[in-house]
Amino acid sequence: MVRRTLFGALLCLPLLTAAAIITPTLDTSVLEEIFPTGVIDDAHCSSEDLERANDSQLNAIFRELLQTDFFSHFVVDLDAKCPLNEWRSGKDDDEEEEEFECDGGGIELDEDAEPLCSVAGGDDGDGFGGFGGFGGGGGDPFESSVLHSLNEQGFSSQPQRETFEWNQQTDMVVEGGDSLCDDDENLPETFWLDMCSNIKEGTETKIVNLALNPERNTGYNGTHIWKSIYEENCITTQDSCLEERVLYRLLSGLHTSTTVSIAKNYYAPSKRKNRVDWEPNPQYFMEKFQHHPEFIRNMHFSYVVMLRAIKKASSYLYEYDVQSRNIIDDEASKILLRRLLDTAILRSCSSVFSAFDESLMFQDQGVNIQQNFKGIFHNVSSILDCVQCQQCKLHGKMAMMGYGAALKILFVPQELLSLERNEVVALINTAARLSESLVEVRDLTALYWKAEREKKDLLDSSKTLSGLPADSLDVMDRTVGVVASLGRDNLISKDRENELVGLAMAKDPGLLVLGKHYASDPQRFLALTATLRGSGVALQSATATPDAIVVGSGLAGMAAALNILDRGGAVVMVEKEHLLGGNSNKASSGINGCCPNNDTYNDSLESFRNDTIRSAGKVAELDLIDILVGKSEEAVLWLKERANVDLSLLAQLGGHSHKRTHRPSNGMAGAEIIYHLQKELRSYEKSGGLKILVDTRVKELVLENDKVVGVSCESMLDQSMQEIRGDNVILATGGFASDRSKGSYLDQYRSELMSFPATAGGFSTGDGITLATSLGAATRDMDKIQIHPTGWVNPADPTNPTKVLAAELMRGVGGVLLNKEGKRFCNELGTRAYVTDKMLEADPYYLATGTWNPKSDVPTFFLVLSESAADDGRKHVDLYSHKGLLTKVEGVDALAKKMGVSPQTLTASLKSYQKSAKEGIDEFGKTSFRGVPSSDLSKEVFYVGTVTPVLHYCMGGIKIDTEGNVLKEDGSSIPGLHAAGEVTGGVHGNNRLGGNSLLECTVFGTIVGQKIPIKEGASLMSASATVQHEKRSNKALPELSLEELSKHNSREDIWVAIDGVVYDFTEFAHEHPAGFDSIFDLAGKDGTEAFFAVHNSNMLEDFEDDKKGILKS
């Protein structure tokens, strides 16, 4: 009979029904073993009480607390040397330790995946394992049976040596000669105050954002050493005293919680495996705990001890002075902390806060037992510096400090209690981690049984598939039905329809599975079946008239083309530049979407719509905005699922009420999106479905019988002309902000801005608008041109009219704007329009009239970041520094010298800013302060660059309807002519909301690509025909020296080293979306830092054939 405890709660989970869990083929007795029930040993509450309290109150509060600034930042020294190394080998203080290489420990990672052990990247493997082994403490911190024998006698066997290899070192529990339970004498009341003293904050301390470093699987394996520790110390709780049991169970509970975290976040994101987020491994979880339910009981006990400590310190914590850099957020932290403390008196939770009674410990015993107890705790804490995986070390140190703070609270007289900030942070985080582990145990168990049931169902279906039972026929029928509906709606060609029906009739397992789960969602079914191909469909040659000619190769053009190709169509893409991607390749803010995977931020389509309308102002085109917002979720999912773009980070940009801007975890949004879409398109090009013409400019549209039937093109290389016929033409040519010629659109509509630099490439000259208007197309909002306040002024080329955008993230993380006198002049977090207006007021004429004098020089300013602000925006800072746009200086005097301003004036400005940050508001109304410089300005590290207002985006353009049809002045459409992206007007009104440009391109490019009719017989060879290149092993490559590398630095011979591998980029440099010079600047050099400042390492997958060697270290 199944016990009614956690398993009873499991029966209520939406993932499974009771019938799904309890089947004759599954061992449900495991469930009875794995979940603790009844009274928790050495405590006075039951596991059921603890689970109930955690679900009803505690877990939700802990989750909210961990999202606050105060409780999400932990000060830690991750570079302290291992004391065990010095003790073992007598190394000097300045001698380097052996470096640990995190290779994934056998977990399946992408070839190009970055190491998981570094902070801000991965997380804990099996790092801190089941602690035990008790004995004396005090004296020499390594006076233990295991370690002492190693010190005296060395390794007794090769297996022992392998177990204790220091490049896999993890923490050890030490054992002294005396029994922990032997005791006498008394100790001072202050004895327990230094419980956390061995978790040192050395000279290399840093503030780590815990929200960016969750506990996950790094592959760092401490299994062998813990096995040895357990065996050699005969760890057991049998016949032990209470004090020994408490310490053992606390450490075992930590081991269990860590292992649960690993199981819940086991598989790293992988584009090869189509994993966007970390995924669980319920099988791993079950293997660890199926036969060891006592480990989960120890985790319950640990949680009870932490809750008891929190209750005992409630008076102290209730009045604790929570201070971070965000006063408003600190108030929220205080409210949440007090809510947690108040739960102790609630009926549903009161028992668990008092379940552990620390007064029963150390009774009728003297000094030794307390010294031994603390000594062992200190020993474990000390050896944390021997862990050579930074993620593991981070979580280990924080957990041990959380335990130390709890034990201090329990044993120190309350009138002497004093907790440092780090101890309070660790206390709450450790309790929260245990709270979350309780939830994860249920989740992982449910996932395990769900997977087991699916295996059984799959096995049963495979046995009966050949006989076509009723359920298989039903799946086949539904699959053919959704294919037929796509054909009727002209979303796929007749050939593609025949191909999919053939696959269904052949019982293709991939197609039938998709049909089973996505028949009710044809759009998702279409996207997910894009790469499924049959082998017997007759395909037409590449000389067929294309279904569409796409003019322009930015995101809008690529989205339109790929949607047509996926439906079995044929496309010709025409690009006047040599490289694909356009201005989309430069976009850095991200793409907005509501609301995929961000339910916790309380966003809604209505909120997103209101924000967009508010930004668009009086000229808002509500029909277009409704389409933009309503299809935003679909757009983000399409990029993630169809193109495998990493959009795992979520941010809140200026003008938005919620977090809804999706970004890559590593890399710039535009570059990532363009890279992946271009990769998908190139596969169709190789198979004949797509023809790309670069260095080709469309001069005019071909019109027959009032319908657009093609384009007339000119080669930019030899000026030869050609005419290309196609059933439809899609204009995706971008804006016009870079055309400063006489009579240009900029000259016609905003002549006063002709002297302003622009972020758009020199190719942004309004070609598509000219083509469309020549046929009578209407335009709208042509005077609406967005000025971005911060474009970088390159000191090496200050007059260049094209500027690199200084992303708003630079101000968001704490960048401060200063004028030529070194004084602040605005709220840096204001809207683009507001900050630009304050900048332009530096000009007297503009200040007096509100109108820009075209004869005036565009003013420049300084953007300054502290070291902590730079760390928050490290990806961008590294990129801008590499480009020479940001300079690093140390101390306010050096900063003043770099800026050419008075040190006294600059110091006064920064001191005033620090004062405002403490008060929570400044003279400009700024209320959010991140990255505030440290109090000692003479030692602060600054990053400084020059910025200027720049033309950034054209809201105006060709008039379109909600389907992307190009309209005339009378509202009628021009047959055969479509448009999407910045070439169009009306989507953004007066002002574009940040993150909506990539969204507009994806949404309207997709709409146009989905509606273009596909001719029968027009489908071309699929992407699946792409030639697969065998991956070359790095081991087979020759070693190359830096000297040899440096010889390959000409325009005809470009070798670059990235992450220890040398590549020949000579051919690719001419196709690089960001331009030839970006590659050529690295010729003959190590370009690792520059590459990872912009890209994800998976981009290197396409260059296997270009590897030349391994760079000698």
# chains A, B, ... in the order shown; residues from 1 in each chain; ligands from 1
>>> residues_around(residues="segment 429-437 of chain A", least_positions_apart="4", cutoff="8 Å", atoms="only C-alpha atoms", output="CSV table (one decimal) with N, CA, C and O atoms, in the first residue's frame")
chain,number,residue,atom,x,y,z
A,54,ASN,N,6.8,23.9,3.7
A,54,ASN,CA,7.6,24.4,2.6
A,54,ASN,C,6.7,24.8,1.4
A,54,ASN,O,6.9,25.8,0.7
A,58,LEU,N,7.0,28.7,2.8
A,58,LEU,CA,8.4,28.9,2.8
A,58,LEU,C,9.1,29.0,1.4
A,58,LEU,O,9.9,29.9,1.2
A,59,ASN,N,8.8,28.0,0.6
A,59,ASN,CA,9.5,28.0,-0.7
A,59,ASN,C,9.3,29.2,-1.5
A,59,ASN,O,10.2,29.8,-2.1
A,62,PHE,N,11.3,32.2,0.0
A,62,PHE,CA,12.7,32.0,-0.3
A,62,PHE,C,13.0,32.4,-1.7
A,62,PHE,O,14.0,33.0,-2.0
A,63,ARG,N,12.2,31.9,-2.7
A,63,ARG,CA,12.4,32.2,-4.1
A,63,ARG,C,12.5,33.7,-4.3
A,63,ARG,O,13.3,34.2,-5.1
A,66,LEU,N,15.6,35.4,-2.9
A,66,LEU,CA,16.9,35.2,-3.7
A,66,LEU,C,16.9,36.1,-5.0
A,66,LEU,O,17.9,36.1,-5.6
A,71,PHE,N,20.3,39.7,-1.4
A,71,PHE,CA,20.5,38.2,-1.1
A,71,PHE,C,21.0,37.5,-2.4
A,71,PHE,O,21.2,36.3,-2.3
A,257,SER,N,21.6,17.8,-1.2
A,257,SER,CA,21.0,18.9,-1.8
A,257,SER,C,21.8,19.2,-3.1
A,257,SER,O,21.2,19.6,-4.2
A,260,VAL,N,21.0,16.7,-5.8
A,260,VAL,CA,19.6,16.9,-6.4
A,260,VAL,C,19.7,18.1,-7.4
A,260,VAL,O,19.1,18.1,-8.4
A,261,SER,N,20.5,19.1,-7.0
A,261,SER,CA,20.7,20.3,-7.9
A,261,SER,C,21.3,19.9,-9.2
A,261,SER,O,20.9,20.3,-10.3
A,299,MET,N,18.8,15.5,4.5
A,299,MET,CA,18.5,16.8,3.9
A,299,MET,C,17.3,17.5,4.6
A,299,MET,O,17.3,18.7,4.9
A,300,HIS,N,16.3,16.7,4.9
A,300,HIS,CA,15.2,17.2,5.7
A,300,HIS,C,15.7,17.7,7.1
A,300,HIS,O,15.3,18.8,7.5
A,302,SER,N,18.7,18.8,7.9
A,302,SER,CA,19.5,20.0,7.7
A,302,SER,C,18.6,21.2,7.5
A,302,SER,O,18.9,22.3,8.1
A,303,TYR,N,17.5,21.0,6.8
A,303,TYR,CA,16.5,22.1,6.6
A,303,TYR,C,15.9,22.6,7.9
A,303,TYR,O,15.8,23.7,8.2
A,306,MET,N,18.3,24.6,9.9
A,306,MET,CA,18.4,26.0,9.3
A,306,MET,C,17.2,26.8,9.8
A,306,MET,O,17.4,28.0,10.1
A,307,LEU,N,16.0,26.2,9.7
A,307,LEU,CA,14.8,27.0,10.1
A,307,LEU,C,14.8,27.3,11.6
A,307,LEU,O,14.4,28.4,12.0
A,398,MET,N,29.7,29.1,0.2
A,398,MET,CA,28.4,29.7,0.7
A,398,MET,C,27.6,28.8,1.6
A,398,MET,O,27.1,29.2,2.6
A,399,ALA,N,27.5,27.5,1.2
A,399,ALA,CA,26.8,26.6,2.0
A,399,ALA,C,27.4,26.4,3.4
A,399,ALA,O,26.7,26.4,4.4
A,402,GLY,N,26.7,29.4,5.4
A,402,GLY,CA,25.4,29.3,5.9
A,402,GLY,C,25.2,28.4,7.1
A,402,GLY,O,24.5,28.8,8.0
A,403,TYR,N,25.8,27.2,7.0
A,403,TYR,CA,25.8,26.4,8.2
A,403,TYR,C,26.5,27.0,9.4
A,403,TYR,O,26.0,26.9,10.5
A,425,VAL,N,23.5,36.6,4.2
A,425,VAL,CA,23.3,36.2,2.8
A,425,VAL,C,23.4,34.7,2.7
A,425,VAL,O,22.5,34.0,2.1
A,441,VAL,N,13.1,17.2,-5.5
A,441,VAL,CA,12.9,15.7,-5.3
A,441,VAL,C,11.6,15.2,-5.9
A,441,VAL,O,11.6,14.2,-6.6
>>> residues_around(residues="segment 1078-1090 of chain A", least_positions_apart="3", cutoff="6 Å", atoms="only C-alpha atoms", output="VMD selection string")
chain A and resid 1045 to 1046 1048 to 1049 1054 to 1059 1069 1075 1093
>>> write_last_selection(atoms="C-alpha atoms", output="PDB file, in the first residue's frame")
ATOM      1  CA  LEU A1045      51.135  32.263 -36.847  1.00  0.00           C
ATOM      2  CA  SER A1046      52.377  35.860 -37.165  1.00  0.00           C
ATOM      3  CA  HIS A1048      50.067  34.767 -41.998  1.00  0.00           C
ATOM      4  CA  ASN A1049      48.940  38.372 -41.719  1.00  0.00           C
ATOM      5  CA  ILE A1054      44.716  35.387 -42.873  1.00  0.00           C
ATOM      6  CA  TRP A1055      45.336  32.940 -40.045  1.00  0.00           C
ATOM      7  CA  VAL A1056      43.798  33.544 -36.612  1.00  0.00           C
ATOM      8  CA  ALA A1057      44.104  31.556 -33.364  1.00  0.00           C
ATOM      9  CA  ILE A1058      40.927  31.043 -31.363  1.00  0.00           C
ATOM     10  CA  ASP A1059      40.866  29.105 -28.128  1.00  0.00           C
ATOM     11  CA  ALA A1069      36.987  37.235 -44.185  1.00  0.00           C
ATOM     12  CA  GLY A1075      33.078  43.118 -42.506  1.00  0.00           C
ATOM     13  CA  ALA A1093      33.391  39.194 -27.020  1.00  0.00           C
TER      14      ALA A1093
END
>>> closest_residue(among="A:Ser744, A:Asn990, A:Ser934, A:Asn965", to="Thr765 of chain A", atoms="only C-alpha atoms")
A:Ser744
>>> closest_residue(among="A:Ala870, A:Leu817, A:Ile327, A:Val709", to="Leu977 of chain A", atoms="only C-alpha atoms")
A:Val709
>>> select_by_dssp(residues="segment 730-971 of chain A", states="strand (DSSP E)", output="JSON, numbers by chain")
{"A": [730, 731, 779, 780, 785, 786, 787, 788, 789, 790, 791, 792, 804, 805, 816, 817, 818, 861, 862, 863, 864, 865, 866, 887, 888, 889, 890, 941, 942, 943, 944, 945, 946, 947, 948, 949, 950, 951, 952, 953, 954, 957, 958, 959, 965, 966, 967]}
>>> write_last_selection(atoms="N, CA and C atoms", output="short mmCIF file (atom, residue, chain, number, x, y, z; two decimals), in the first residue's frame")
data_model
loop_
_atom_site.label_atom_id
_atom_site.label_comp_id
_atom_site.auth_asym_id
_atom_site.auth_seq_id
_atom_site.Cartn_x
_atom_site.Cartn_y
_atom_site.Cartn_z
N ILE A 730 9.82 40.83 -52.74
CA ILE A 730 9.74 41.26 -51.33
C ILE A 730 10.85 42.26 -51.07
N LEU A 731 10.50 43.47 -50.68
CA LEU A 731 11.47 44.51 -50.37
C LEU A 731 11.82 44.45 -48.88
N THR A 779 4.11 56.48 -48.89
CA THR A 779 5.01 56.46 -47.72
C THR A 779 4.32 57.12 -46.55
N ARG A 780 4.88 56.94 -45.37
CA ARG A 780 4.33 57.58 -44.18
C ARG A 780 5.42 57.78 -43.14
N ILE A 785 12.62 60.05 -37.34
CA ILE A 785 13.95 59.44 -37.31
C ILE A 785 14.44 59.41 -35.87
N GLN A 786 14.76 58.25 -35.40
CA GLN A 786 15.16 58.11 -34.00
C GLN A 786 16.63 58.45 -33.83
N ILE A 787 16.91 59.30 -32.84
CA ILE A 787 18.29 59.63 -32.47
C ILE A 787 18.63 58.88 -31.20
N HIS A 788 19.66 58.08 -31.24
CA HIS A 788 20.13 57.37 -30.06
C HIS A 788 21.17 58.24 -29.37
N PRO A 789 21.13 58.34 -28.05
CA PRO A 789 22.05 59.27 -27.37
C PRO A 789 23.51 58.85 -27.39
N THR A 790 23.79 57.56 -27.55
CA THR A 790 25.18 57.14 -27.36
C THR A 790 25.71 56.28 -28.50
N GLY A 791 26.46 56.90 -29.37
CA GLY A 791 27.25 56.19 -30.35
C GLY A 791 28.71 56.45 -30.03
N TRP A 792 29.56 55.42 -30.11
CA TRP A 792 30.97 55.58 -29.73
C TRP A 792 31.72 56.44 -30.76
N VAL A 804 29.72 52.99 -34.02
CA VAL A 804 29.29 51.78 -33.32
C VAL A 804 28.38 52.20 -32.18
N LEU A 805 27.25 51.56 -32.07
CA LEU A 805 26.30 51.91 -31.02
C LEU A 805 26.84 51.53 -29.65
N VAL A 816 27.93 56.22 -16.29
CA VAL A 816 27.61 57.61 -15.96
C VAL A 816 28.00 58.50 -17.13
N LEU A 817 27.12 59.42 -17.51
CA LEU A 817 27.39 60.37 -18.58
C LEU A 817 27.92 61.67 -18.00
N LEU A 818 29.03 62.15 -18.54
CA LEU A 818 29.66 63.38 -18.07
C LEU A 818 29.93 64.30 -19.26
N PHE A 861 30.44 63.53 -25.41
CA PHE A 861 30.39 63.38 -23.96
C PHE A 861 31.22 62.17 -23.57
N PHE A 862 31.36 61.99 -22.27
CA PHE A 862 32.10 60.84 -21.76
C PHE A 862 31.13 59.86 -21.11
N LEU A 863 31.34 58.60 -21.38
CA LEU A 863 30.61 57.53 -20.70
C LEU A 863 31.61 56.79 -19.82
N VAL A 864 31.37 56.78 -18.51
CA VAL A 864 32.32 56.24 -17.53
C VAL A 864 31.65 55.11 -16.76
N LEU A 865 32.36 53.99 -16.65
CA LEU A 865 31.87 52.85 -15.88
C LEU A 865 32.86 52.50 -14.78
N SER A 866 32.34 52.17 -13.62
CA SER A 866 33.17 51.64 -12.55
C SER A 866 33.52 50.19 -12.87
N THR A 887 38.58 52.73 -22.73
CA THR A 887 39.93 52.68 -22.17
C THR A 887 39.84 52.43 -20.67
N LYS A 888 40.69 51.54 -20.18
CA LYS A 888 40.72 51.22 -18.75
C LYS A 888 41.78 52.07 -18.06
N VAL A 889 41.39 52.72 -16.96
CA VAL A 889 42.33 53.52 -16.17
C VAL A 889 42.11 53.21 -14.70
N GLU A 890 43.11 53.47 -13.87
CA GLU A 890 43.00 53.20 -12.44
C GLU A 890 43.13 54.51 -11.66
N VAL A 941 38.84 51.23 -10.41
CA VAL A 941 39.18 51.01 -11.82
C VAL A 941 38.03 51.53 -12.67
N PHE A 942 38.32 52.39 -13.63
CA PHE A 942 37.30 52.99 -14.49
C PHE A 942 37.51 52.56 -15.95
N TYR A 943 36.41 52.56 -16.68
CA TYR A 943 36.43 52.39 -18.13
C TYR A 943 35.76 53.63 -18.72
N VAL A 944 36.43 54.29 -19.66
CA VAL A 944 35.91 55.54 -20.19
C VAL A 944 35.99 55.56 -21.71
N GLY A 945 34.97 56.13 -22.33
CA GLY A 945 34.94 56.30 -23.78
C GLY A 945 34.16 57.55 -24.13
N THR A 946 34.29 58.02 -25.36
CA THR A 946 33.59 59.21 -25.83
C THR A 946 32.38 58.79 -26.64
N VAL A 947 31.24 59.44 -26.37
CA VAL A 947 30.00 59.12 -27.08
C VAL A 947 29.38 60.39 -27.64
N THR A 948 28.49 60.20 -28.61
CA THR A 948 27.81 61.32 -29.25
C THR A 948 26.45 60.85 -29.73
N PRO A 949 25.45 61.77 -29.82
CA PRO A 949 24.15 61.37 -30.37
C PRO A 949 24.28 60.94 -31.83
N VAL A 950 23.53 59.88 -32.20
CA VAL A 950 23.64 59.30 -33.54
C VAL A 950 22.25 58.99 -34.10
N LEU A 951 22.12 59.08 -35.42
CA LEU A 951 20.90 58.63 -36.08
C LEU A 951 20.88 57.11 -36.00
N HIS A 952 19.76 56.59 -35.55
CA HIS A 952 19.75 55.15 -35.23
C HIS A 952 18.70 54.35 -35.99
N TYR A 953 17.53 54.92 -36.23
CA TYR A 953 16.47 54.12 -36.84
C TYR A 953 15.47 55.04 -37.54
N CYS A 954 14.98 54.59 -38.70
CA CYS A 954 13.96 55.34 -39.46
C CYS A 954 12.60 54.70 -39.23
N GLY A 957 8.60 54.98 -43.77
CA GLY A 957 8.94 54.18 -44.94
C GLY A 957 7.72 53.86 -45.77
N ILE A 958 7.78 52.76 -46.49
CA ILE A 958 6.68 52.35 -47.37
C ILE A 958 5.44 52.00 -46.54
N LYS A 959 4.29 52.38 -47.05
CA LYS A 959 3.05 52.07 -46.36
C LYS A 959 2.63 50.64 -46.70
N ASN A 965 1.51 43.71 -47.67
CA ASN A 965 1.28 44.17 -49.04
C ASN A 965 1.63 45.65 -49.13
N VAL A 966 2.32 46.04 -50.19
CA VAL A 966 2.67 47.45 -50.39
C VAL A 966 1.44 48.19 -50.92
N LEU A 967 1.13 49.34 -50.29
CA LEU A 967 -0.09 50.08 -50.61
C LEU A 967 0.20 51.36 -51.37
#
>>> residues_around(residues="Ile673 of chain A", least_positions_apart="2", cutoff="9 Å", atoms="only C-alpha atoms", output="ChimeraX atom specification")
/A:555,584-585,639,643-646,668-671,675-678
>>> atom_distance(atom1="atom CA of Glu452 of chain A", atom2="atom CA of Gln283 of chain A")
9.6 Å
